[in-house]
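Visitor: So here's work_19.cif, just mmCIF, C-alpha atoms:
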data_query
loop_
_atom_site.group_PDB
_atom_site.id
_atom_site.type_symbol
_atom_site.label_atom_id
_atom_site.label_comp_id
_atom_site.auth_asym_id
_atom_site.auth_seq_id
_atom_site.Cartn_x
_atom_site.Cartn_y
_atom_site.Cartn_z
ATOM 1 C CA MET M 249 40.770 -122.655 -181.293
ATOM 2 C CA ALA M 250 42.525 -123.181 -184.616
ATOM 3 C CA GLU M 251 44.118 -119.749 -184.308
ATOM 4 C CA ARG M 252 45.366 -120.547 -180.811
ATOM 5 C CA TYR M 253 46.606 -123.914 -182.006
ATOM 6 C CA SER M 254 48.601 -122.161 -184.723
ATOM 7 C CA VAL M 255 50.568 -120.480 -181.909
ATOM 8 C CA ALA M 256 50.706 -123.258 -179.304
ATOM 9 C CA GLY M 257 50.405 -126.373 -181.492
ATOM 10 C CA GLU M 258 54.114 -126.834 -182.050
ATOM 11 C CA LEU M 259 54.752 -126.598 -178.317
ATOM 12 C CA MET M 260 51.943 -129.102 -177.636
ATOM 13 C CA GLU M 261 53.425 -131.542 -180.124
ATOM 14 C CA LYS M 262 57.016 -131.221 -178.930
ATOM 15 C CA ASN M 263 56.423 -130.806 -175.201
ATOM 16 C CA PRO M 264 52.812 -131.618 -174.228
ATOM 17 C CA GLU M 265 53.581 -131.335 -170.502
ATOM 18 C CA ALA M 266 54.310 -127.613 -170.982
ATOM 19 C CA VAL M 267 50.612 -126.997 -171.686
ATOM 20 C CA LEU M 268 47.957 -127.399 -169.020
ATOM 21 C CA PRO M 269 45.895 -130.574 -169.546
ATOM 22 C CA VAL M 270 42.613 -128.695 -169.988
ATOM 23 C CA ILE M 271 44.152 -126.428 -172.629
ATOM 24 C CA ARG M 272 45.644 -129.435 -174.403
ATOM 25 C CA ALA M 273 42.208 -131.098 -174.445
ATOM 26 C CA VAL M 274 40.491 -128.027 -175.900
ATOM 27 C CA LEU M 275 43.183 -127.267 -178.471
ATOM 28 C CA ALA M 276 43.510 -130.905 -179.530
ATOM 29 C CA LYS M 277 40.266 -130.457 -181.499
ATOM 30 C CA ALA M 278 41.712 -127.604 -183.566
ATOM 31 C CA PRO M 279 43.557 -129.581 -186.279
ATOM 32 C CA ALA M 280 40.211 -131.004 -187.411
ATOM 33 C CA VAL M 281 38.932 -127.510 -188.291
ATOM 34 C CA ASN M 282 39.193 -126.966 -192.041
ATOM 35 C CA GLY M 283 39.384 -123.843 -194.144
ATOM 36 C CA VAL M 284 35.779 -124.042 -195.343
ATOM 37 C CA GLN M 285 34.488 -124.162 -191.762
ATOM 38 C CA THR M 286 36.731 -121.259 -190.827
ATOM 39 C CA PHE M 287 35.535 -119.028 -193.673
ATOM 40 C CA ARG M 288 31.877 -119.880 -193.017
ATOM 41 C CA ALA M 289 32.352 -118.925 -189.378
ATOM 42 C CA GLN M 290 34.074 -115.668 -190.366
ATOM 43 C CA TYR M 291 31.251 -114.758 -192.764
ATOM 44 C CA ARG M 292 28.643 -115.521 -190.093
ATOM 45 C CA LEU M 293 30.583 -113.371 -187.630
ATOM 46 C CA GLN M 294 30.589 -110.484 -190.135
ATOM 47 C CA VAL M 295 26.796 -110.664 -190.354
ATOM 48 C CA LEU M 296 26.459 -110.691 -186.561
ATOM 49 C CA LYS M 297 28.939 -107.807 -186.218
ATOM 50 C CA ALA M 298 26.898 -105.693 -188.637
ATOM 51 C CA LEU M 299 23.790 -106.304 -186.480
ATOM 52 C CA CYS M 300 25.663 -105.440 -183.285
ATOM 53 C CA ASP M 301 27.244 -102.332 -184.832
ATOM 54 C CA LYS M 302 23.754 -101.156 -185.817
ATOM 55 C CA ALA M 303 22.581 -101.700 -182.225
ATOM 56 C CA LEU M 304 25.442 -99.467 -181.039
ATOM 57 C CA ASP M 305 24.400 -96.575 -183.296
ATOM 58 C CA GLY M 306 23.777 -93.509 -181.178
ATOM 59 C CA LEU M 307 25.392 -94.995 -178.050
ATOM 60 C CA ASP M 308 28.594 -93.668 -176.524
ATOM 61 C CA CYS M 309 29.322 -96.972 -174.810
ATOM 62 C CA VAL M 310 27.651 -99.935 -173.135
ATOM 63 C CA LEU M 311 28.050 -101.036 -169.518
ATOM 64 C CA THR M 312 27.857 -104.725 -168.555
ATOM 65 C CA PRO M 313 28.891 -106.732 -165.526
ATOM 66 C CA THR M 314 32.440 -108.005 -165.950
ATOM 67 C CA LEU M 315 31.331 -111.438 -164.799
ATOM 68 C CA GLY M 316 28.131 -113.104 -163.691
ATOM 69 C CA ARG M 317 29.590 -114.312 -160.435
ATOM 70 C CA PRO M 318 33.031 -115.124 -159.119
ATOM 71 C CA VAL M 319 33.988 -118.788 -159.128
ATOM 72 C CA THR M 320 36.094 -120.553 -156.564
ATOM 73 C CA LEU M 321 39.356 -122.257 -157.432
ATOM 74 C CA ALA M 322 37.681 -125.567 -156.586
ATOM 75 C CA GLU M 323 34.876 -124.873 -159.092
ATOM 76 C CA LEU M 324 37.407 -123.850 -161.721
ATOM 77 C CA ASP M 325 39.484 -126.958 -161.089
ATOM 78 C CA ALA M 326 36.433 -129.239 -161.288
ATOM 79 C CA GLU M 327 35.012 -127.792 -164.545
ATOM 80 C CA PRO M 328 37.554 -125.421 -166.113
ATOM 81 C CA VAL M 329 35.978 -125.093 -169.557
ATOM 82 C CA LEU M 330 32.460 -124.489 -168.222
ATOM 83 C CA ARG M 331 33.625 -122.028 -165.555
ATOM 84 C CA ASN M 332 35.794 -120.082 -168.006
ATOM 85 C CA SER M 333 32.837 -119.887 -170.382
ATOM 86 C CA GLU M 334 30.695 -118.551 -167.554
ATOM 87 C CA LEU M 335 33.352 -116.015 -166.569
ATOM 88 C CA GLY M 336 33.391 -114.655 -170.133
ATOM 89 C CA TYR M 337 29.615 -114.604 -170.625
ATOM 90 C CA TYR M 338 29.396 -110.803 -170.544
ATOM 91 C CA THR M 339 32.726 -110.064 -172.217
ATOM 92 C CA HIS M 340 33.843 -112.773 -174.662
ATOM 93 C CA PHE M 341 31.830 -111.364 -177.574
ATOM 94 C CA MET M 342 33.708 -108.062 -177.343
ATOM 95 C CA ASN M 343 36.876 -109.655 -178.720
ATOM 96 C CA LEU M 344 35.016 -111.435 -181.506
ATOM 97 C CA LEU M 345 33.269 -108.227 -182.566
ATOM 98 C CA ASP M 346 36.480 -106.162 -182.386
ATOM 99 C CA TYR M 347 35.132 -103.809 -179.742
ATOM 100 C CA ALA M 348 37.208 -101.786 -177.324
ATOM 101 C CA ALA M 349 36.571 -102.497 -173.652
ATOM 102 C CA VAL M 350 37.842 -101.762 -170.173
ATOM 103 C CA ALA M 351 37.015 -103.577 -166.936
ATOM 104 C CA VAL M 352 36.496 -101.229 -164.014
ATOM 105 C CA PRO M 353 36.693 -102.226 -160.343
ATOM 106 C CA SER M 354 33.469 -100.927 -158.853
ATOM 107 C CA GLY M 355 33.317 -102.184 -155.308
ATOM 108 C CA PHE M 356 33.284 -105.237 -153.130
ATOM 109 C CA MET M 357 30.628 -107.835 -152.518
ATOM 110 C CA GLY M 358 29.402 -108.881 -149.090
ATOM 111 C CA ASN M 359 31.933 -111.729 -149.017
ATOM 112 C CA GLY M 360 34.817 -109.283 -149.572
ATOM 113 C CA LEU M 361 35.526 -110.296 -153.173
ATOM 114 C CA PRO M 362 35.924 -107.500 -155.725
ATOM 115 C CA TRP M 363 33.220 -106.732 -158.236
ATOM 116 C CA GLY M 364 33.494 -104.872 -161.499
ATOM 117 C CA ILE M 365 31.783 -103.560 -164.560
ATOM 118 C CA THR M 366 32.959 -103.471 -168.163
ATOM 119 C CA LEU M 367 32.521 -100.557 -170.517
ATOM 120 C CA PHE M 368 32.655 -101.338 -174.223
ATOM 121 C CA GLY M 369 32.226 -99.555 -177.502
ATOM 122 C CA ARG M 370 33.351 -99.612 -181.100
ATOM 123 C CA ALA M 371 36.980 -100.282 -182.021
ATOM 124 C CA PHE M 372 39.371 -97.396 -181.328
ATOM 125 C CA THR M 373 37.241 -95.840 -178.587
ATOM 126 C CA ASP M 374 39.821 -96.925 -176.022
ATOM 127 C CA GLN M 375 40.744 -93.433 -174.810
ATOM 128 C CA TYR M 376 37.118 -92.442 -174.405
ATOM 129 C CA LEU M 377 36.328 -95.636 -172.475
ATOM 130 C CA LEU M 378 39.360 -95.123 -170.242
ATOM 131 C CA SER M 379 38.227 -91.563 -169.468
ATOM 132 C CA VAL M 380 34.745 -92.817 -168.518
ATOM 133 C CA ALA M 381 36.301 -95.582 -166.387
ATOM 134 C CA ASP M 382 38.516 -93.003 -164.673
ATOM 135 C CA ALA M 383 35.520 -90.758 -163.962
ATOM 136 C CA LEU M 384 33.553 -93.692 -162.509
ATOM 137 C CA GLN M 385 36.405 -94.674 -160.229
ATOM 138 C CA ARG M 386 36.995 -91.116 -159.076
ATOM 139 C CA GLN M 387 33.288 -90.707 -158.321
ATOM 140 C CA GLN M 388 33.111 -93.972 -156.388
ATOM 141 C CA GLY M 389 36.593 -93.857 -154.898
ATOM 142 C CA SER M 390 36.717 -97.608 -155.562
ATOM 143 C CA ALA M 391 40.063 -98.141 -157.254
ATOM 144 C CA ALA M 392 41.606 -101.366 -155.979
ATOM 145 C CA PRO M 393 45.015 -100.172 -154.735
ATOM 146 C CA ALA M 394 46.826 -103.492 -155.180
ATOM 147 C CA LEU M 395 45.962 -103.688 -158.879
ATOM 148 C CA THR M 396 45.736 -100.023 -159.843
ATOM 149 C CA ALA M 397 48.840 -98.678 -158.142
ATOM 150 C CA ALA M 398 50.238 -95.729 -160.026
ATOM 151 C CA ALA M 399 52.802 -96.667 -162.629
ATOM 152 C CA ARG M 400 56.341 -95.578 -161.858
ATOM 153 C CA ASN M 401 57.943 -93.703 -164.744
ATOM 154 C CA ASP M 402 57.072 -95.656 -167.899
ATOM 155 C CA ARG M 403 56.079 -98.928 -166.267
ATOM 156 C CA ALA M 404 52.674 -100.490 -165.634
ATOM 157 C CA ARG M 405 51.572 -103.470 -163.564
ATOM 158 C CA LEU M 406 49.676 -106.240 -165.347
ATOM 159 C CA VAL M 407 48.151 -109.523 -164.282
ATOM 160 C CA VAL M 408 48.607 -112.198 -166.910
ATOM 161 C CA CYS M 409 47.064 -115.599 -167.470
ATOM 162 C CA GLY M 410 47.138 -118.447 -169.948
ATOM 163 C CA ALA M 411 50.019 -118.821 -172.353
ATOM 164 C CA HIS M 412 51.628 -115.577 -171.127
ATOM 165 C CA LEU M 413 52.382 -117.055 -167.698
ATOM 166 C CA ASP M 414 56.016 -117.443 -166.747
ATOM 167 C CA GLY M 415 57.466 -120.512 -168.450
ATOM 168 C CA LEU M 416 54.643 -120.934 -170.979
ATOM 169 C CA ALA M 417 54.572 -120.508 -174.746
ATOM 170 C CA LEU M 418 53.855 -116.780 -175.081
ATOM 171 C CA ASN M 419 55.770 -115.491 -172.054
ATOM 172 C CA TRP M 420 58.611 -114.482 -174.380
ATOM 173 C CA GLN M 421 56.392 -111.685 -175.733
ATOM 174 C CA LEU M 422 56.314 -110.063 -172.320
ATOM 175 C CA LYS M 423 60.017 -110.610 -171.662
ATOM 176 C CA GLN M 424 60.828 -109.122 -175.063
ATOM 177 C CA ARG M 425 59.121 -105.934 -173.890
ATOM 178 C CA GLY M 426 61.110 -105.802 -170.667
ATOM 179 C CA ALA M 427 58.508 -107.354 -168.359
ATOM 180 C CA ARG M 428 59.640 -108.846 -165.101
ATOM 181 C CA PRO M 429 57.702 -110.910 -162.552
ATOM 182 C CA ILE M 430 56.767 -109.081 -159.370
ATOM 183 C CA ASN M 431 54.299 -111.473 -157.738
ATOM 184 C CA ALA M 432 54.290 -115.172 -158.613
ATOM 185 C CA PHE M 433 51.013 -115.823 -156.762
ATOM 186 C CA LEU M 434 49.069 -113.314 -158.848
ATOM 187 C CA ASN M 435 51.343 -113.747 -161.867
ATOM 188 C CA ALA M 436 51.576 -109.978 -161.894
ATOM 189 C CA ILE M 437 54.288 -108.405 -164.001
ATOM 190 C CA GLU M 438 55.661 -104.951 -164.511
ATOM 191 C CA THR M 439 56.314 -103.802 -168.035
ATOM 192 C CA SER M 440 57.095 -100.673 -169.980
#
Do you think you could lay out the structure here as structure tokens?

Guide:
Amino acid sequence: MAERYSVAGELMEKNPEAVLPVIRAVLAKAPAVNGVQTFRAQYRLQVLKALCDKALDGLDCVLTPTLGRPVTLAELDAEPVLRNSELGYYTHFMNLLDYAAVAVPSGFMGNGLPWGITLFGRAFTDQYLLSVADALQRQQGSAAPALTAAARNDRARLVVCGAHLDGLALNWQLKQRGARPINAFLNAIETS
């Protein structure tokens, strides 16, 4: 949270209404984090990463669900921190451990909502993971056309969330790279 606060803190202080209330509440705790706590956490993470790296020895990649279950907008609105934690249960650790990962649409549930898996492996295995994801989708024929439409020329479609949303603190990073909104409902953008 302290790292996120280092990016969004100035915005929160100058214009608190520009940050969603739940994000403000979570990030408001960040200034109390001190350097000693941060370094202890980093050292602990290094120990855990070494254990996880050892567990990956001899594996090409690992497959997990992308999420435990979809949540409704009402559930997310009622308990945003809990629901976001649940949504990241199978994937959040990948960022902390510096692993490469790709989420792969793999079909639809009985209620019509999409379902996916995530492939992950050591850092810099991105191309390998993408090739496995491509093979899985080709085998299943399950690519979701609205989200995986072929890129035109040098552009790709992305769905963004959080501080990268239009009008929020990090949106400038996307605009700087030539991104433009294409669907406000999904907050999808096209970028080169």

Visitor: Do you have the CA of Thr339 (chain M)-CA of Asp382 (chain M) distance handy?

Guide: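 Going from CA of Thr339 (chain M) over to CA of Asp382 (chain M) covers 19.5 Å.
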
Visitor: Measuring atom to atom with all atoms listed in the file, identify which of M:Leu307, M:Leu416, M:Leu268, M:Ala348 is nearest to Thr373 (chain M).

Guide: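 Nearest to Thr373 (chain M): M:Ala348.
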
Visitor: Kindly provide, as JSON, the centre and edge lengths (Å, one decimal) of an axis-aligned box around all atoms of region 374-379 of chain M given in the file, with 4 Å on each side.

Guide:
{"center_x": 38.5, "center_y": -94.2, "center_z": -172.7, "size_x": 12.4, "size_y": 13.4, "size_z": 14.6}

Visitor: Grab the CA of Ala351 (chain M) to CA of His412 (chain M) distance for me, in Å with one decimal place.

Guide: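 CA of Ala351 (chain M) sits 19.4 Å away from CA of His412 (chain M).
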
Visitor: Rounded to one decimal place, report the CA of Ala250 (chain M)-CA of Arg272 (chain M) distance in Å.

Guide: 12.4 Å

Visitor: With distances taken over all atoms listed in the file, which of M:Gly415, M:Gly355, M:Gly336, M:Gly306 is nearest to Leu259 (chain M)?

Guide: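 Going through M:Gly415, M:Gly355, M:Gly336, M:Gly306 one by one, the smallest distance to Leu259 (chain M) is for M:Gly415.
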
Visitor: Taking all atoms listed in the file into account, name the residue in M:Ala266, M:Glu334, M:Asp346, M:Asp325 that is nearest to Leu293 (chain M).

Guide: M:Asp346

Visitor: Can you pull out the residues contacting Ala298 (chain M)? Cut-off 12 Å, using only C-alpha atoms, and skip same-chain residues under 6 positions away; I want them as a PDB file with C-alpha atoms, in the frame of the given file.

Guide:
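Contents of part.pdb, as written:
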ATOM      1  CA  TYR M 291      31.251-114.758-192.764  1.00  0.00           C
ATOM      2  CA  ARG M 292      28.643-115.521-190.093  1.00  0.00           C
ATOM      3  CA  LEU M 304      25.442 -99.467-181.039  1.00  0.00           C
ATOM      4  CA  ASP M 305      24.400 -96.575-183.296  1.00  0.00           C
ATOM      5  CA  LEU M 345      33.269-108.227-182.566  1.00  0.00           C
ATOM      6  CA  ASP M 346      36.480-106.162-182.386  1.00  0.00           C
ATOM      7  CA  ARG M 370      33.351 -99.612-181.100  1.00  0.00           C
TER       8      ARG M 370
END

Visitor: For the file shown, report as a count of residues only the outcome of the PyMOL selection byres ((chain M and resi 353) around 6) at residue level.

Guide: 3

Visitor: Can you work out which one of M:Pro362, M:Pro279, M:Pro264, M:Gly257 has the shortest atom-to-atom distance to Arg317 (chain M), counting only C-alpha atoms?

Guide: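 Of M:Pro362, M:Pro279, M:Pro264, M:Gly257, the one nearest Arg317 (chain M), counting only C-alpha atoms, is M:Pro362.
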
Visitor: Kindly provide, as a PyMOL selection string, the polymer residues lying within 9 Å of (34.8, -96.4, -164.1), counting all atoms listed in the file and using the coordinates exactly as they appear in the file.

Guide: chain M and resi 350-354+364-367+377-388+390-391

Visitor: Take region 353-383 of chain M, bring it up to N, CA and C atoms, and give me the output as a compact mmCIF listing (two decimals), keeping the file's coordinate frame.

Guide:
# COMPACT_ATOMS: atom_id res chain seq x y z
N PRO M 353 37.08 -101.82 -161.70
CA PRO M 353 36.69 -102.23 -160.34
C PRO M 353 35.62 -101.26 -159.84
N SER M 354 34.55 -101.82 -159.26
CA SER M 354 33.47 -100.93 -158.85
C SER M 354 33.00 -101.16 -157.43
N GLY M 355 33.70 -101.98 -156.69
CA GLY M 355 33.32 -102.18 -155.31
C GLY M 355 33.60 -103.60 -154.86
N PHE M 356 33.07 -103.91 -153.70
CA PHE M 356 33.28 -105.24 -153.13
C PHE M 356 31.95 -105.83 -152.72
N MET M 357 31.85 -107.13 -152.90
CA MET M 357 30.63 -107.84 -152.52
C MET M 357 30.64 -108.09 -151.02
N GLY M 358 29.52 -108.59 -150.52
CA GLY M 358 29.40 -108.88 -149.09
C GLY M 358 30.45 -109.86 -148.58
N ASN M 359 30.93 -110.75 -149.45
CA ASN M 359 31.93 -111.73 -149.02
C ASN M 359 33.36 -111.19 -149.15
N GLY M 360 33.51 -109.90 -149.49
CA GLY M 360 34.82 -109.28 -149.57
C GLY M 360 35.50 -109.40 -150.92
N LEU M 361 34.92 -110.16 -151.85
CA LEU M 361 35.53 -110.30 -153.17
C LEU M 361 35.21 -109.06 -154.02
N PRO M 362 36.16 -108.68 -154.89
CA PRO M 362 35.92 -107.50 -155.72
C PRO M 362 34.86 -107.75 -156.78
N TRP M 363 34.24 -106.68 -157.21
CA TRP M 363 33.22 -106.73 -158.24
C TRP M 363 33.52 -105.64 -159.25
N GLY M 364 33.19 -105.88 -160.50
CA GLY M 364 33.49 -104.87 -161.50
C GLY M 364 32.48 -104.82 -162.61
N ILE M 365 32.60 -103.76 -163.37
CA ILE M 365 31.78 -103.56 -164.56
C ILE M 365 32.72 -103.46 -165.76
N THR M 366 32.19 -103.65 -166.94
CA THR M 366 32.96 -103.47 -168.16
C THR M 366 32.25 -102.46 -169.04
N LEU M 367 33.03 -101.52 -169.55
CA LEU M 367 32.52 -100.56 -170.52
C LEU M 367 33.03 -100.99 -171.88
N PHE M 368 32.16 -101.02 -172.89
CA PHE M 368 32.66 -101.34 -174.22
C PHE M 368 32.01 -100.46 -175.27
N GLY M 369 32.70 -100.34 -176.37
CA GLY M 369 32.23 -99.56 -177.50
C GLY M 369 32.94 -100.00 -178.76
N ARG M 370 32.73 -99.27 -179.82
CA ARG M 370 33.35 -99.61 -181.10
C ARG M 370 34.88 -99.62 -180.99
N ALA M 371 35.52 -100.26 -181.96
CA ALA M 371 36.98 -100.28 -182.02
C ALA M 371 37.51 -98.85 -182.02
N PHE M 372 38.65 -98.68 -181.39
CA PHE M 372 39.37 -97.40 -181.33
C PHE M 372 38.70 -96.35 -180.45
N THR M 373 37.81 -96.78 -179.57
CA THR M 373 37.24 -95.84 -178.59
C THR M 373 37.92 -96.01 -177.23
N ASP M 374 39.11 -96.61 -177.25
CA ASP M 374 39.82 -96.92 -176.02
C ASP M 374 40.00 -95.72 -175.10
N GLN M 375 40.48 -94.60 -175.65
CA GLN M 375 40.74 -93.43 -174.81
C GLN M 375 39.46 -92.91 -174.19
N TYR M 376 38.40 -92.88 -174.94
CA TYR M 376 37.12 -92.44 -174.40
C TYR M 376 36.68 -93.36 -173.26
N LEU M 377 36.75 -94.68 -173.50
CA LEU M 377 36.33 -95.64 -172.48
C LEU M 377 37.19 -95.50 -171.22
N LEU M 378 38.48 -95.30 -171.40
CA LEU M 378 39.36 -95.12 -170.24
C LEU M 378 38.99 -93.86 -169.46
N SER M 379 38.60 -92.79 -170.18
CA SER M 379 38.23 -91.56 -169.47
C SER M 379 36.93 -91.76 -168.68
N VAL M 380 35.98 -92.52 -169.25
CA VAL M 380 34.74 -92.82 -168.52
C VAL M 380 35.06 -93.70 -167.31
N ALA M 381 35.91 -94.70 -167.50
CA ALA M 381 36.30 -95.58 -166.39
C ALA M 381 36.97 -94.77 -165.28
N ASP M 382 37.84 -93.85 -165.66
CA ASP M 382 38.52 -93.00 -164.67
C ASP M 382 37.50 -92.16 -163.91
N ALA M 383 36.55 -91.58 -164.62
CA ALA M 383 35.52 -90.76 -163.96
C ALA M 383 34.69 -91.59 -163.00
